[in-house]
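**Q** Before I ask anything, let me first share the structure, which is written out below as structure tokens.
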Amino acid sequence: MKLKKFGSTEQKIYDLVLPIVNELGYLVWDVRFEKKGADWELTIFIDKETESITIDDCEKVTAPVSDMLDEKDPIPQSYRLSISSIGLEADLVRESHFDACIGCEVRVKGFQNFADNSREVIGILTDWNKEYLTLQISQEEILELKFSEIAFVKLYFDFEK
């Protein structure tokens with residue numbers, strides 16, 4: 001897996017919305033500007049430190065962000081704006097995601113089986129750099145995985161509990 005970097009439009013939008021979203025008490029997790037069918041969609045993923053994001057939270061952020069984007073007009077083509085929660089099992093794709101999730105339980109899927117002969121592993125993210133991801137699987141087991149062998153990393157939520 002390769003760590004994602006913001007495209008120029010995404011970086012511009014991130015820089016514009018960050019102060020607004022932070023002032024409202026939320027965090028900007030990600031910004032994606034993607035072609036979906038015939039249309040463009042700008043999605044701003046938000047989170048907060050203390051509890052889960054609700055529809056009301058998304059609505060609270062939508063109006064001021066939309067007003068600012070209308071005023072600044074940073075994107076020349078038409079697009080649909082969406083403010084969204086990161087979800088329970090958010091993708092970790094940017095450096096800031098890995099930094100924020102040290103100590104969190106994650107699910108890692110490999111392109112091929114890992115050393116224990118499984119394709120997926122769940123553990124606590126204890127460290128990372130641009131080449132490796134380190135997970136604590138149990139008290140005794142620490143696993144170091146190469147990013148080049150990883151298909152995806154997501155926050156893990158045990159729906160059975």
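In the structure tokens, each chain is lettered A, B, ... as it comes, each chain's residues begin at 1, and ligands are numbered from 1 in order of appearance.
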Which polymer residues have any atom within 6 Å of an atom of Phe147 of chain A, counting only C-alpha atoms, with same-chain residues fewer than 5 positions away left out, as number ranges by chain?

**A** A: 1, 131-132

**Q** Return as an MDAnalysis selection string the full set of residues in segment 9-127 of chain A whose backbone-based DSSP assignment is strand (DSSP E or B).

**A** chainID A and resid 27:36 39:47 80:85 91 105:110 120:127

**Q** From the set A:Asp70, A:Glu140, A:Glu105, A:Glu23, which residue has the shortest atom-to-atom contact distance to Ala90 of chain A, counting only C-alpha atoms?

**A**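 Looking at the shortest contact to Ala90 of chain A, the residue is A:Glu105.
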
**Q** Closest to Leu69 of chain A among A:Phe6, A:Phe157, A:Phe152, A:Tyr14, using only C-alpha atoms?

**A**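 The answer is A:Tyr14, which sits nearest to Leu69 of chain A.
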
**Q** How far is it from atom CA of Ile13 of chain A to atom CA of Lys130 of chain A, in Å with one decimal?

**A**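 Value for the atom CA of Ile13 of chain A-atom CA of Lys130 of chain A distance: 25.1 Å.
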
**Q** Determine which residues of chain A DSSP labels as helix (DSSP H, G or I) from the backbone of this structure, then write them out as a ChimeraX atom specification.

**A** /A:8-23,55-72,95-100,147-149

**Q** Nearest to Thr126 of chain A among A:Cys101, A:Glu71, A:Val31, A:Lys109, with distances taken over only C-alpha atoms: which residue is it?

**A**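 Using only C-alpha atoms, the shortest distance to Thr126 of chain A belongs to A:Cys101.
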
**Q** Just checking: using only C-alpha atoms, which residue out of A:Ile150, A:Ile83, A:Leu16, A:Leu145 ends up closest to Arg32 of chain A?

**A**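 Between A:Ile150, A:Ile83, A:Leu16, A:Leu145, the residue approaching Arg32 of chain A most closely is A:Ile83.
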